[in-house]
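As stored in query34.cif (mmCIF, C-alpha atoms):
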```cif
data_work
#
loop_
_atom_site.label_atom_id
_atom_site.label_comp_id
_atom_site.auth_asym_id
_atom_site.auth_seq_id
_atom_site.Cartn_x
_atom_site.Cartn_y
_atom_site.Cartn_z
CA MET A 1 -5.13 37.67 -45.05
CA LYS A 2 -1.43 37.51 -44.20
CA ILE A 3 -2.09 39.41 -40.98
CA LEU A 4 -4.78 36.92 -39.92
CA TRP A 5 -2.47 34.03 -40.72
CA LEU A 6 0.32 35.60 -38.64
CA ILE A 7 -2.03 36.14 -35.68
CA LEU A 8 -3.11 32.49 -35.91
CA VAL A 9 0.52 31.30 -35.91
CA ILE A 10 1.41 33.48 -32.92
CA PHE A 11 -1.63 32.27 -30.99
CA THR A 12 -0.78 28.64 -31.78
CA VAL A 13 2.85 29.03 -30.67
CA LYS A 14 1.76 30.76 -27.48
CA SER A 15 -0.73 28.00 -26.69
CA TYR A 16 1.89 25.33 -27.36
CA ALA A 17 4.36 27.09 -25.06
CA GLN A 18 1.78 27.04 -22.24
CA THR A 19 1.19 23.30 -22.61
CA GLU A 20 2.97 21.10 -20.05
CA LEU A 21 4.01 17.48 -20.54
CA PHE A 22 3.47 14.76 -17.93
CA GLU A 23 5.09 11.47 -18.90
CA LEU A 24 5.09 8.41 -16.67
CA LYS A 25 5.63 4.70 -17.24
CA LEU A 26 3.92 2.16 -15.04
CA SER A 27 7.22 0.80 -13.71
CA GLU A 28 8.28 4.32 -12.70
CA ALA A 29 4.91 4.94 -11.05
CA GLU A 30 5.27 1.76 -9.00
CA GLN A 31 8.66 2.79 -7.67
CA LYS A 32 7.49 6.30 -6.81
CA ALA A 33 4.40 5.01 -5.03
CA LEU A 34 6.43 2.55 -2.95
CA GLN A 35 8.80 5.33 -1.91
CA ALA A 36 6.10 7.92 -1.18
CA SER A 37 3.50 5.82 0.67
CA ASN A 38 3.24 6.83 4.33
CA ARG A 39 1.03 3.81 4.95
CA LEU A 40 3.78 1.50 3.73
CA LYS A 41 6.30 3.38 5.87
CA SER A 42 4.09 2.85 8.91
CA PHE A 43 4.03 -0.91 8.29
CA ALA A 44 7.82 -0.88 7.92
CA ALA A 45 8.14 0.98 11.23
CA GLU A 46 5.86 -1.55 12.93
CA GLU A 47 7.98 -4.34 11.48
CA GLU A 48 11.15 -2.78 12.90
CA ALA A 49 9.45 -2.28 16.27
CA ALA A 50 8.49 -5.96 16.38
CA LYS A 51 12.05 -6.96 15.50
CA GLU A 52 13.43 -4.81 18.31
CA GLN A 53 10.94 -6.41 20.70
CA SER A 54 12.21 -9.81 19.58
CA ASN A 55 15.81 -8.69 20.15
CA ALA A 56 14.85 -7.53 23.65
CA GLN A 57 13.36 -10.94 24.46
CA PHE A 58 16.45 -12.66 23.08
CA ALA A 59 18.73 -10.56 25.28
CA GLY A 60 16.81 -11.78 28.32
CA LEU A 61 18.08 -15.32 27.73
CA PHE A 62 21.65 -14.33 28.65
CA PRO A 63 23.18 -13.38 32.00
CA LYS A 64 22.72 -9.78 33.01
CA LEU A 65 25.84 -7.97 34.21
CA SER A 66 25.38 -4.65 35.93
CA LEU A 67 27.33 -2.24 38.07
CA GLN A 68 25.62 -1.66 41.40
CA GLY A 69 26.63 0.83 44.00
CA GLY A 70 25.43 3.09 46.77
CA TYR A 71 26.77 6.01 48.75
CA GLN A 72 25.57 7.66 51.97
CA TYR A 73 26.84 10.63 53.91
CA TYR A 74 25.97 11.23 57.57
CA GLY A 75 26.38 14.76 58.80
CA THR A 76 26.31 13.95 62.51
CA ILE A 77 28.17 11.03 64.01
CA PRO A 78 27.58 10.42 67.73
CA ASN A 79 30.58 10.10 70.02
CA ILE A 80 30.77 7.39 72.64
CA SER A 81 33.29 6.54 75.32
CA LEU A 82 34.07 3.30 77.00
CA GLY A 83 34.56 3.76 80.74
CA ASN A 84 36.86 6.67 81.46
CA GLY A 85 38.50 6.46 78.06
CA PRO A 86 38.40 9.21 75.46
CA ALA A 87 35.28 9.62 73.31
CA PHE A 88 35.41 8.49 69.72
CA PRO A 89 32.91 8.71 66.82
CA PHE A 90 30.50 5.76 66.66
CA GLY A 91 30.51 5.35 62.84
CA THR A 92 31.75 7.23 59.83
CA ASN A 93 30.42 10.09 57.74
CA SER A 94 30.77 8.35 54.37
CA THR A 95 29.77 4.80 53.51
CA TYR A 96 29.60 3.16 50.13
CA SER A 97 29.34 -0.12 48.29
CA VAL A 98 30.21 -0.55 44.61
CA GLY A 99 30.92 -3.49 42.34
CA PRO A 100 29.71 -5.65 39.42
CA GLN A 101 26.65 -7.87 39.87
CA LEU A 102 25.75 -10.91 37.73
CA ASN A 103 22.17 -12.27 37.53
CA TYR A 104 21.08 -15.28 35.54
CA THR A 105 17.97 -17.43 35.41
CA LEU A 106 19.15 -21.00 35.78
CA TRP A 107 15.72 -22.54 35.23
CA ASP A 108 12.33 -21.09 34.26
CA SER A 109 10.77 -24.08 32.45
CA PHE A 110 11.77 -22.40 29.14
CA SER A 111 9.44 -19.46 29.77
CA GLY A 112 12.04 -17.02 28.45
CA ARG A 113 12.75 -19.06 25.33
CA LYS A 114 9.07 -19.38 24.52
CA SER A 115 8.57 -15.67 25.08
CA TYR A 116 11.40 -14.99 22.62
CA LYS A 117 9.85 -17.43 20.15
CA ALA A 118 6.51 -15.61 20.43
CA ALA A 119 8.14 -12.23 19.80
CA SER A 120 10.15 -13.62 16.87
CA LEU A 121 7.04 -15.09 15.23
CA LEU A 122 5.16 -11.83 15.73
CA ALA A 123 8.01 -9.95 14.04
CA SER A 124 7.76 -12.34 11.09
CA ALA A 125 4.01 -11.69 10.98
CA ARG A 126 4.67 -7.95 10.78
CA THR A 127 6.99 -8.63 7.84
CA GLU A 128 4.13 -10.42 6.06
CA ASP A 129 1.83 -7.49 6.89
CA ARG A 130 4.29 -5.14 5.21
CA LYS A 131 4.41 -7.38 2.14
CA ASN A 132 0.63 -7.42 1.98
CA ALA A 133 0.50 -3.63 2.33
CA GLN A 134 2.91 -3.41 -0.59
CA LEU A 135 0.69 -5.70 -2.67
CA GLN A 136 -2.38 -3.60 -1.87
CA LEU A 137 -0.54 -0.37 -2.67
CA LEU A 138 0.66 -1.68 -6.01
CA PHE A 139 -2.83 -2.87 -6.90
CA SER A 140 -4.32 0.53 -6.03
CA LEU A 141 -1.59 2.29 -8.01
CA ARG A 142 -2.10 0.08 -11.04
CA ALA A 143 -5.88 0.47 -10.93
CA ALA A 144 -5.47 4.25 -10.82
CA TYR A 145 -2.95 4.08 -13.67
CA VAL A 146 -5.34 2.00 -15.79
CA GLN A 147 -8.13 4.46 -15.06
CA VAL A 148 -6.02 7.30 -16.46
CA GLN A 149 -5.05 5.16 -19.46
CA LEU A 150 -8.72 4.49 -20.14
CA GLY A 151 -9.58 8.18 -19.72
CA LEU A 152 -6.92 9.16 -22.23
CA GLU A 153 -8.16 6.57 -24.73
CA GLU A 154 -11.79 7.65 -24.36
CA LEU A 155 -10.82 11.30 -24.78
CA ARG A 156 -8.89 10.46 -27.95
CA LEU A 157 -11.87 8.52 -29.33
CA ILE A 158 -14.26 11.38 -28.60
CA GLN A 159 -11.83 13.81 -30.23
CA ASP A 160 -11.81 11.63 -33.36
CA SER A 161 -15.63 11.60 -33.38
CA LEU A 162 -15.66 15.36 -32.87
CA GLN A 163 -13.36 15.86 -35.83
CA LEU A 164 -15.60 13.60 -37.93
CA ALA A 165 -18.68 15.56 -36.80
CA ASN A 166 -16.97 18.84 -37.72
CA ALA A 167 -16.06 17.49 -41.16
CA GLN A 168 -19.62 16.30 -41.74
CA ASP A 169 -20.95 19.63 -40.45
CA ARG A 170 -18.86 21.46 -43.04
CA ASP A 171 -19.99 19.05 -45.75
CA VAL A 172 -23.65 19.56 -44.82
CA ALA A 173 -23.16 23.33 -44.86
CA THR A 174 -21.65 23.08 -48.35
CA ARG A 175 -24.52 20.87 -49.53
CA PHE A 176 -27.02 23.28 -48.00
CA SER A 177 -25.44 26.17 -49.91
CA ALA A 178 -25.73 24.09 -53.08
CA GLY A 179 -29.38 23.31 -52.31
CA ALA A 180 -28.69 19.61 -51.77
CA ALA A 181 -29.46 19.61 -48.02
CA ALA A 182 -32.25 20.94 -45.86
CA LYS A 183 -31.97 23.49 -43.04
CA LEU A 184 -32.86 20.70 -40.60
CA ASP A 185 -29.69 18.87 -41.66
CA VAL A 186 -27.61 21.96 -40.89
CA VAL A 187 -29.14 22.29 -37.42
CA THR A 188 -28.80 18.56 -36.77
CA ALA A 189 -25.13 18.54 -37.82
CA GLY A 190 -24.42 21.51 -35.57
CA ARG A 191 -26.07 19.81 -32.60
CA SER A 192 -23.97 16.72 -33.22
CA VAL A 193 -20.81 18.83 -32.92
CA LEU A 194 -22.08 20.38 -29.70
CA SER A 195 -22.90 16.94 -28.29
CA TYR A 196 -19.38 15.67 -28.85
CA GLN A 197 -17.94 18.89 -27.39
CA ILE A 198 -20.00 18.33 -24.23
CA GLN A 199 -18.81 14.73 -24.04
CA PHE A 200 -15.23 15.92 -24.47
CA GLU A 201 -15.57 18.35 -21.56
CA GLN A 202 -17.17 15.69 -19.36
CA ARG A 203 -14.53 13.06 -20.07
CA GLN A 204 -11.76 15.62 -19.63
CA ALA A 205 -13.10 16.46 -16.15
CA GLU A 206 -13.26 12.75 -15.30
CA LEU A 207 -9.71 12.31 -16.57
CA SER A 208 -8.55 15.20 -14.39
CA SER A 209 -10.07 13.53 -11.33
CA ALA A 210 -8.50 10.16 -12.17
CA LEU A 211 -5.13 11.81 -12.74
CA LYS A 212 -5.37 13.53 -9.37
CA ASP A 213 -5.96 10.15 -7.70
CA LEU A 214 -2.90 8.74 -9.44
CA LEU A 215 -0.70 11.68 -8.46
CA THR A 216 -1.82 11.40 -4.83
CA LEU A 217 -0.56 7.81 -4.73
CA LEU A 218 2.74 9.10 -6.11
CA GLY A 219 3.07 11.64 -3.30
CA ASP A 220 2.29 14.63 -5.52
CA ASN A 221 -0.15 16.62 -3.38
CA GLY A 222 -0.98 19.60 -5.54
CA GLY A 223 2.37 20.06 -7.22
CA THR A 224 1.02 19.31 -10.71
CA ASN A 225 -1.80 21.27 -12.32
CA VAL A 226 -4.21 18.62 -13.60
CA SER A 227 -6.74 20.95 -15.22
CA ARG A 228 -7.58 20.22 -18.87
CA PRO A 229 -5.45 17.10 -19.35
CA GLY A 230 -5.42 15.00 -22.49
CA PRO A 231 -3.38 12.69 -24.71
CA PRO A 232 -0.77 14.00 -27.14
CA GLY A 233 -1.94 15.45 -30.44
CA ILE A 234 -5.35 16.91 -29.56
CA ALA A 235 -6.53 20.47 -28.97
CA ASN A 236 -7.96 22.11 -25.84
CA VAL A 237 -5.36 20.50 -23.61
CA ALA A 238 -3.21 22.31 -21.02
CA LEU A 239 -1.47 19.19 -19.68
CA VAL A 240 -0.33 16.56 -22.17
CA VAL A 241 -0.38 13.20 -20.39
CA LYS A 242 1.72 10.43 -21.87
CA LEU A 243 1.43 7.00 -20.24
CA ASP A 244 2.03 3.46 -21.42
CA ASP A 245 -0.32 2.50 -24.21
CA LEU A 246 -3.31 0.49 -22.95
CA ASP A 247 -2.81 -2.24 -25.56
CA ASP A 248 0.91 -2.49 -24.77
CA SER A 249 0.21 -2.83 -21.05
CA LEU A 250 -2.34 -5.54 -21.71
CA SER A 251 0.03 -7.42 -24.01
CA GLN A 252 2.82 -7.26 -21.43
CA GLN A 253 0.63 -8.54 -18.57
CA ASP A 254 -0.75 -11.35 -20.73
CA LYS A 255 2.74 -12.80 -20.95
CA GLN A 256 3.03 -13.28 -17.17
CA GLU A 257 1.92 -16.49 -15.49
CA ILE A 258 -0.10 -15.94 -12.33
CA PRO A 259 -0.04 -18.94 -9.94
CA ASP A 260 -2.89 -19.88 -7.63
CA PRO A 261 -2.69 -18.51 -4.07
CA THR A 262 -1.11 -20.78 -1.45
CA ASP A 263 -0.66 -20.64 2.30
CA GLN A 264 2.44 -18.53 1.62
CA GLN A 265 0.17 -15.67 0.58
CA PRO A 266 1.19 -12.76 2.90
CA GLN A 267 -2.24 -12.29 4.52
CA ILE A 268 -2.62 -16.01 5.23
CA GLN A 269 0.99 -16.34 6.34
CA SER A 270 0.62 -13.38 8.71
CA LEU A 271 -2.37 -14.92 10.48
CA ASP A 272 -0.59 -18.28 10.72
CA LEU A 273 2.42 -16.61 12.33
CA GLN A 274 0.18 -14.66 14.70
CA ALA A 275 -1.52 -17.88 15.79
CA ARG A 276 1.82 -19.59 16.43
CA SER A 277 3.07 -16.52 18.28
CA ALA A 278 0.03 -16.55 20.56
CA GLU A 279 0.54 -20.26 21.24
CA ALA A 280 4.18 -19.67 22.19
CA ALA A 281 3.13 -16.77 24.43
CA ALA A 282 0.57 -19.03 26.11
CA ASP A 283 3.26 -21.68 26.72
CA SER A 284 5.50 -18.99 28.17
CA GLN A 285 2.78 -17.90 30.58
CA SER A 286 2.04 -21.49 31.61
CA ALA A 287 5.73 -22.08 32.32
CA LYS A 288 5.62 -19.27 34.89
CA LEU A 289 3.43 -21.52 37.07
CA LEU A 290 6.43 -23.80 37.63
CA PRO A 291 9.46 -23.19 39.90
CA THR A 292 12.03 -20.61 38.84
CA VAL A 293 15.67 -20.76 39.95
CA GLN A 294 17.84 -17.65 39.71
CA LEU A 295 21.54 -17.24 40.34
CA SER A 296 23.18 -14.05 41.50
CA ALA A 297 26.87 -13.36 42.06
CA GLY A 298 28.84 -10.21 42.67
CA VAL A 299 31.96 -8.54 43.92
CA SER A 300 31.71 -5.25 45.81
CA LYS A 301 34.10 -2.87 47.45
CA ILE A 302 32.52 -1.83 50.73
CA ARG A 303 33.06 0.79 53.40
CA PRO A 304 30.76 -0.13 56.31
CA ASP A 305 29.24 2.28 58.82
CA ILE A 306 31.44 1.39 61.81
CA PRO A 307 34.13 3.21 63.74
CA ASN A 308 37.37 3.43 61.83
CA PRO A 309 35.83 1.57 58.87
CA PRO A 310 38.11 -0.48 56.67
CA ASP A 311 37.62 -0.74 52.89
CA TYR A 312 37.33 -4.35 51.78
CA TRP A 313 36.14 -6.51 48.90
CA GLN A 314 33.14 -8.76 49.41
CA GLN A 315 32.20 -11.71 47.18
CA THR A 316 28.58 -12.91 47.19
CA VAL A 317 26.84 -15.87 45.56
CA GLY A 318 23.15 -16.60 45.92
CA VAL A 319 20.50 -18.93 44.53
CA THR A 320 16.82 -18.05 44.71
CA LEU A 321 13.92 -20.45 44.23
CA SER A 322 10.45 -19.07 43.65
CA LEU A 323 7.18 -20.94 43.21
CA PRO A 324 3.81 -19.24 42.66
CA LEU A 325 1.06 -20.34 45.04
CA TYR A 326 -1.71 -19.37 42.58
CA LEU A 327 -3.52 -17.17 45.07
CA GLY A 328 -4.02 -13.84 43.29
CA ASP A 329 -1.83 -14.99 40.37
CA PRO A 330 -3.16 -13.86 36.96
CA THR A 331 -0.84 -16.21 35.06
CA PRO A 332 -3.44 -18.96 34.35
CA SER A 333 -5.87 -16.41 32.93
CA LEU A 334 -3.14 -14.79 30.84
CA ALA A 335 -2.18 -18.19 29.41
CA ALA A 336 -5.83 -18.95 28.60
CA GLN A 337 -6.17 -15.55 26.95
CA GLN A 338 -3.21 -16.24 24.67
CA ARG A 339 -4.56 -19.67 23.72
CA ASN A 340 -7.93 -18.20 22.81
CA GLU A 341 -6.21 -15.54 20.70
CA ALA A 342 -4.25 -18.28 18.94
CA GLN A 343 -7.47 -20.15 18.20
CA ALA A 344 -9.11 -16.96 16.91
CA ALA A 345 -6.17 -16.31 14.58
CA ASP A 346 -6.45 -19.89 13.27
CA TYR A 347 -10.13 -19.41 12.51
CA ARG A 348 -9.42 -16.11 10.74
CA LYS A 349 -6.67 -17.78 8.73
CA THR A 350 -8.99 -20.56 7.60
CA GLN A 351 -11.73 -18.11 6.62
CA LEU A 352 -9.28 -15.83 4.84
CA ARG A 353 -7.85 -18.75 2.87
CA GLU A 354 -11.36 -19.64 1.67
CA ASP A 355 -12.17 -16.00 0.83
CA ILE A 356 -8.99 -15.50 -1.18
CA ARG A 357 -9.47 -18.72 -3.13
CA ARG A 358 -13.10 -17.75 -3.81
CA ASP A 359 -12.13 -14.26 -5.00
CA PHE A 360 -9.30 -15.69 -7.12
CA THR A 361 -11.71 -18.15 -8.80
CA LYS A 362 -14.27 -15.41 -9.42
CA ALA A 363 -11.61 -13.15 -10.93
CA ARG A 364 -10.39 -15.95 -13.21
CA ASN A 365 -13.93 -16.73 -14.36
CA LEU A 366 -14.62 -13.06 -15.02
CA LEU A 367 -11.37 -12.86 -16.97
CA VAL A 368 -12.51 -15.70 -19.23
CA SER A 369 -15.78 -13.85 -19.86
CA LEU A 370 -13.93 -10.62 -20.58
CA ARG A 371 -11.74 -12.42 -23.13
CA ASP A 372 -14.86 -13.53 -24.96
CA GLN A 373 -16.28 -10.01 -24.74
CA GLN A 374 -13.03 -8.64 -26.11
CA THR A 375 -13.30 -10.85 -29.21
CA LEU A 376 -16.90 -9.76 -29.80
CA ALA A 377 -16.04 -6.10 -29.17
CA THR A 378 -13.29 -6.19 -31.79
CA LYS A 379 -15.78 -7.46 -34.36
CA ASP A 380 -18.34 -4.87 -33.25
CA VAL A 381 -15.83 -2.02 -33.73
CA LYS A 382 -15.09 -3.08 -37.30
CA GLN A 383 -18.75 -3.52 -38.20
CA SER A 384 -19.85 -0.26 -36.56
CA GLU A 385 -17.14 1.69 -38.44
CA LEU A 386 -18.24 0.10 -41.71
CA ALA A 387 -21.90 0.83 -40.94
CA ALA A 388 -21.12 4.50 -40.19
CA ARG A 389 -19.33 4.90 -43.52
CA LEU A 390 -22.14 3.19 -45.42
CA TYR A 391 -24.79 5.32 -43.72
CA TYR A 392 -22.96 8.51 -44.71
CA SER A 393 -22.59 7.34 -48.28
CA SER A 394 -26.32 6.57 -48.33
CA TYR A 395 -27.05 10.03 -46.92
CA ARG A 396 -25.03 11.71 -49.65
CA ALA A 397 -26.99 9.67 -52.14
CA GLY A 398 -30.24 10.87 -50.56
CA LYS A 399 -31.34 7.45 -49.31
CA VAL A 400 -31.28 8.06 -45.52
CA ASN A 401 -31.62 11.00 -43.15
CA LEU A 402 -28.71 12.71 -41.42
CA ILE A 403 -30.02 11.56 -38.03
CA ASP A 404 -29.39 7.97 -39.15
CA VAL A 405 -25.80 8.89 -39.95
CA GLN A 406 -25.32 10.46 -36.52
CA ASN A 407 -26.79 7.42 -34.77
CA ALA A 408 -24.37 5.24 -36.69
CA ASN A 409 -21.47 7.53 -35.73
CA LEU A 410 -22.53 7.44 -32.09
CA GLN A 411 -22.78 3.65 -32.15
CA ALA A 412 -19.32 3.45 -33.70
CA LEU A 413 -17.92 5.65 -30.90
CA GLN A 414 -19.71 3.62 -28.24
CA SER A 415 -18.36 0.36 -29.63
CA LYS A 416 -14.80 1.71 -29.47
CA VAL A 417 -15.31 3.00 -25.94
CA ASN A 418 -16.76 -0.38 -24.91
CA ALA A 419 -13.76 -2.16 -26.40
CA ALA A 420 -11.35 0.12 -24.51
CA ARG A 421 -13.25 -0.43 -21.26
CA ILE A 422 -13.14 -4.20 -21.72
CA ASP A 423 -9.37 -3.99 -22.22
CA ALA A 424 -9.09 -1.91 -19.05
CA GLN A 425 -11.22 -4.43 -17.15
CA ILE A 426 -9.02 -7.29 -18.33
CA LEU A 427 -5.94 -5.41 -17.21
CA ASN A 428 -7.47 -4.72 -13.80
CA GLN A 429 -8.44 -8.39 -13.39
CA LEU A 430 -4.87 -9.45 -14.17
CA PHE A 431 -3.58 -7.04 -11.55
CA LEU A 432 -6.17 -8.31 -9.07
CA LEU A 433 -5.15 -11.93 -9.68
CA LYS A 434 -1.52 -11.01 -9.12
CA SER A 435 -2.41 -9.27 -5.85
CA LEU A 436 -4.52 -12.20 -4.62
CA SER A 437 -1.83 -14.73 -5.51
CA GLY A 438 0.69 -12.89 -3.34
CA LYS A 439 3.47 -13.59 -5.83
CA GLU A 440 4.31 -9.97 -6.56
CA PRO A 441 8.08 -9.59 -7.18
CA GLN A 442 9.70 -7.61 -4.43
CA HIS A 443 10.80 -4.06 -5.21
CA GLY A 444 13.94 -2.57 -3.78
#
```
Take the structure from the file and write it as structure tokens.
Amino acid sequence: MKILWLILVIFTVKSYAQTELFELKLSEAEQKALQASNRLKSFAAEEEAAKEQSNAQFAGLFPKLSLQGGYQYYGTIPNISLGNGPAFPFGTNSTYSVGPQLNYTLWDSFSGRKSYKAASLLASARTEDRKNAQLQLLFSLRAAYVQVQLGLEELRLIQDSLQLANAQDRDVATRFSAGAAAKLDVVTAGRSVLSYQIQFEQRQAELSSALKDLLTLLGDNGGTNVSRPGPPGIANVALVVKLDDLDDSLSQQDKQEIPDPTDQQPQIQSLDLQARSAEAAADSQSAKLLPTVQLSAGVSKIRPDIPNPPDYWQQTVGVTLSLPLYLGDPTPSLAAQQRNEAQAADYRKTQLREDIRRDFTKARNLLVSLRDQQTLATKDVKQSELAARLYYSSYRAGKVNLIDVQNANLQALQSKVNAARIDAQILNQLFLLKSLSGKEPQHG
């Protein structure tokens, strides 16, 4: 007997040593997801690209100073003579011109300014796109986190039912040995244990899949073994998963006020900025149909291609006027294209505003229904637990069959699972409302 006990202790210690712990709070998961998301990084890169484009347009509003120069070498210089005089080279081997050149657009009907405005507005739109991508990422992360929380809670509830079924199975076996129970009761009790074991395996597999989805959002691509996960304190678990308690998460989110969505919602704001950017781009194109005046000025040191060339400094100033004659000019069509794109963005913004408000209202209405369901589910859990205990007492007194007891136990488990799922649905709706409102606090 002592040897068997020692073997059991060694096996238990060995199993415990092989168990890994995965602990993660929701706030930590959010930070990790924001840092690991390649999609969010791509939006940030697009935002920076748009800002650089805006900077490039802004630089075009100022004078452009450049160093211009040229050099030529002639290998053969012809010789000429005047009358009977000696021949001399007609030119020089090396010529050059070098000096600073200043160019500035004196007047372009504000085409450059409007082009810069369009680029600046587009950069702001990309900022709103990044904010929206962050909102969507956080919502996906939270939904995945809630799914794992729910899986852990369901697994714990099934484990409790399995333990109850095992205890009742032992009690039925004892009663059968005493002649107080039939063989059918023994078989029925054993099948009940097997049924809960099957449910445990099924829910554990579902939990493993949900945990894998969560880890993928955190940037963990295969680094953590998610086989046989489960909550702390239960058997047949290789990975102990410890997350925020579902009730605690729900209580914390209930304390937060979620405002209605406004036109400052990132998706709506992005489309508004895109429309204004397209309008500014259209104005910039239209301005190109008007006269443009450009100023150029420079100073160059020159060696001309003449006999005995002198080196000298040359100052130049020039004004250029250009006016398109429309023939073969695509500018009117480009301006019309930009105006149509602006109108399309306005239509999309209007539709999106209606869709978001509709979805927000639907989510709020569903949340009210879920609150009512939560109240009813709490009562159902208490009554189903009481009914299960009363059925078992009646069975021991010989008043009901064991199958009635098992049905009552199954109903008690189902009521608890339903209550947990309603809590998870409420939590998801709160996260959805926060995402739709666009008021998510910014993370560093």
Nearest to Asp305 in chain A, restricted to only C-alpha atoms and choosing among A:Thr19, A:Ser97, A:Gln53, A:Gln267, comes out as A:Ser97
For Leu325 in chain A, work out the shell of residues within 12 Å, counting all atoms listed in the file and skipping chain neighbours fewer than 2 positions away, then give it as an NGL selection string.
:A and (288-291 or 322-323 or 327-332)
For each of A:Gln149, A:Gln269, A:Thr320, A:Asn236, take the minimum atom-to-atom distance to Asp248 in chain A, counting only C-alpha atoms, then give the residue where this is smallest.
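Among the listed residues, A:Gln149 lies closest to Asp248 in chain A.
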The PyMOL selection byres ((chain A and resi 196) around 12) - which residues does that actually catch in the file I just gave you? List them as number ranges by chain.
A: 154-166, 189-195, 197-204, 406, 409-410, 413
Computed interatomic separation between CA of Gln294 in chain A and CA of Ala56 in chain A (Å)
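These atoms are spaced 19.2 Å apart.
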On this structure, the PyMOL selection byres ((chain A and resi 37) around 12) would catch which residues? List them as a list in words, sorted by chain and number.
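Selected by the PyMOL selection byres ((chain A and resi 37) around 12) here: Ala29, Glu30, Gln31, Lys32, Ala33, Leu34, Gln35, Ala36, Asn38, Arg39, Leu40, Lys41, Ser42, Phe43, Ala44, Arg130, Ala133, Gln134, Gln136, Leu137, Leu138, Ser140, Leu141, Leu215, Thr216, Leu217, Leu218, Gly219 and Asp220 of chain A.
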Write out as a list in words which residues come within 12 Å of Lys114 in chain A when counting all atoms listed in the file, dropping same-chain ones fewer than 4 positions away.
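Near Lys114 in chain A, the qualifying residues are Ser54, Gln57, Phe58, Gly60, Leu61, Asp108, Ser109, Phe110, Ala118, Ala119, Ser120, Leu121, Arg276, Ser277, Ala278, Glu279, Ala280, Ala281, Ala282, Asp283, Ser284, Gln285, Ser286, Ala287 and Lys288 of chain A.
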Please enumerate the residues selected by the PyMOL selection byres ((chain A and resi 99) around 12) when evaluated against the supplied file, formatted as a PyMOL selection string.
chain A and resi 65-70+96-98+100-102+297-302+312-316
Using CA of Glu385 in chain A and CA of Asn418 in chain A as the two end points, give the distance in Å to one decimal.
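Going from CA of Glu385 in chain A over to CA of Asn418 in chain A, I get 13.7 Å.
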Atom pair CA of Gln411 in chain A + CA of Ser384 in chain A, distance 6.6 Å
Rank A:Ala408, A:Asp171, A:Gln265, A:Leu184 by their smallest atom-to-atom distance to Leu390 in chain A, using all atoms listed in the file, and report the top residue only.
A:Ala408
Skip Asn79 in chain A itself and residues of its chain fewer than 6 positions away, then list as a list in words all residues within 6 Å of it, counting all atoms listed in the file.
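Using all atoms listed in the file, the neighbours found are Ala87, Phe88, Pro89 and Phe90 of chain A.
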Nearest to Asn308 in chain A among A:Ile268, A:Arg421, A:Lys64, A:Thr92, with distances taken over only C-alpha atoms: which residue is it?
A:Thr92
Can you work out which one of A:Phe360, A:Tyr73, A:Phe62, A:Tyr145 has the shortest atom-to-atom distance to Asp260 in chain A, counting all atoms listed in the file?
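Nearest to Asp260 in chain A: A:Phe360.
Closest approach to Ala167 in chain A among A:Tyr104, A:Phe22, A:Tyr392, A:Tyr347: A:Tyr392, based on only C-alpha atoms.
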For Leu106 in chain A, please output as JSON, numbers by chain all residues within 9 Å (counting only C-alpha atoms; exclusion window: fewer than 3 positions along the same chain).
{"A": [292, 293, 294, 295]}
How big is the axis-aligned box around all listed atoms of range 208-218 of chain A once 8 Å goes on each side, and where's its centre, in Å to one decimal, as AutoDock Vina command-line options?
```
--center_x -3.7 --center_y 11.5 --center_z -9.6 --size_x 28.8 --size_y 23.4 --size_z 25.7
```
Using only C-alpha atoms, determine which residues lie at most 9 Å from Gln429 in chain A, disregarding the query and same-chain residues fewer than 6 positions distant; provide the list as JSON, numbers by chain.
{"A": [363, 364, 366, 367]}
Student task, range 374-381 of chain A output with N, CA and C atoms as a PDB file, in the first residue's frame:
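Writing the result to selection_18.pdb gives the following:
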```pdb
ATOM      1  N   GLN A 374     -29.736  38.047 -18.671  1.00  0.00           N
ATOM      2  CA  GLN A 374     -28.795  37.784 -17.578  1.00  0.00           C
ATOM      3  C   GLN A 374     -29.525  37.626 -16.254  1.00  0.00           C
ATOM      4  N   THR A 375     -30.521  38.481 -16.009  1.00  0.00           N
ATOM      5  CA  THR A 375     -31.309  38.389 -14.775  1.00  0.00           C
ATOM      6  C   THR A 375     -32.057  37.058 -14.704  1.00  0.00           C
ATOM      7  N   LEU A 376     -32.672  36.679 -15.828  1.00  0.00           N
ATOM      8  CA  LEU A 376     -33.400  35.409 -15.863  1.00  0.00           C
ATOM      9  C   LEU A 376     -32.447  34.219 -15.729  1.00  0.00           C
ATOM     10  N   ALA A 377     -31.281  34.313 -16.353  1.00  0.00           N
ATOM     11  CA  ALA A 377     -30.317  33.211 -16.287  1.00  0.00           C
ATOM     12  C   ALA A 377     -29.807  32.998 -14.872  1.00  0.00           C
ATOM     13  N   THR A 378     -29.625  34.084 -14.131  1.00  0.00           N
ATOM     14  CA  THR A 378     -29.179  33.952 -12.734  1.00  0.00           C
ATOM     15  C   THR A 378     -30.216  33.197 -11.910  1.00  0.00           C
ATOM     16  N   LYS A 379     -31.488  33.517 -12.116  1.00  0.00           N
ATOM     17  CA  LYS A 379     -32.544  32.784 -11.414  1.00  0.00           C
ATOM     18  C   LYS A 379     -32.588  31.320 -11.850  1.00  0.00           C
ATOM     19  N   ASP A 380     -32.402  31.096 -13.147  1.00  0.00           N
ATOM     20  CA  ASP A 380     -32.445  29.725 -13.678  1.00  0.00           C
ATOM     21  C   ASP A 380     -31.322  28.873 -13.095  1.00  0.00           C
ATOM     22  N   VAL A 381     -30.135  29.460 -12.919  1.00  0.00           N
ATOM     23  CA  VAL A 381     -29.005  28.713 -12.339  1.00  0.00           C
ATOM     24  C   VAL A 381     -29.339  28.264 -10.923  1.00  0.00           C
TER      25      VAL A 381
END
```
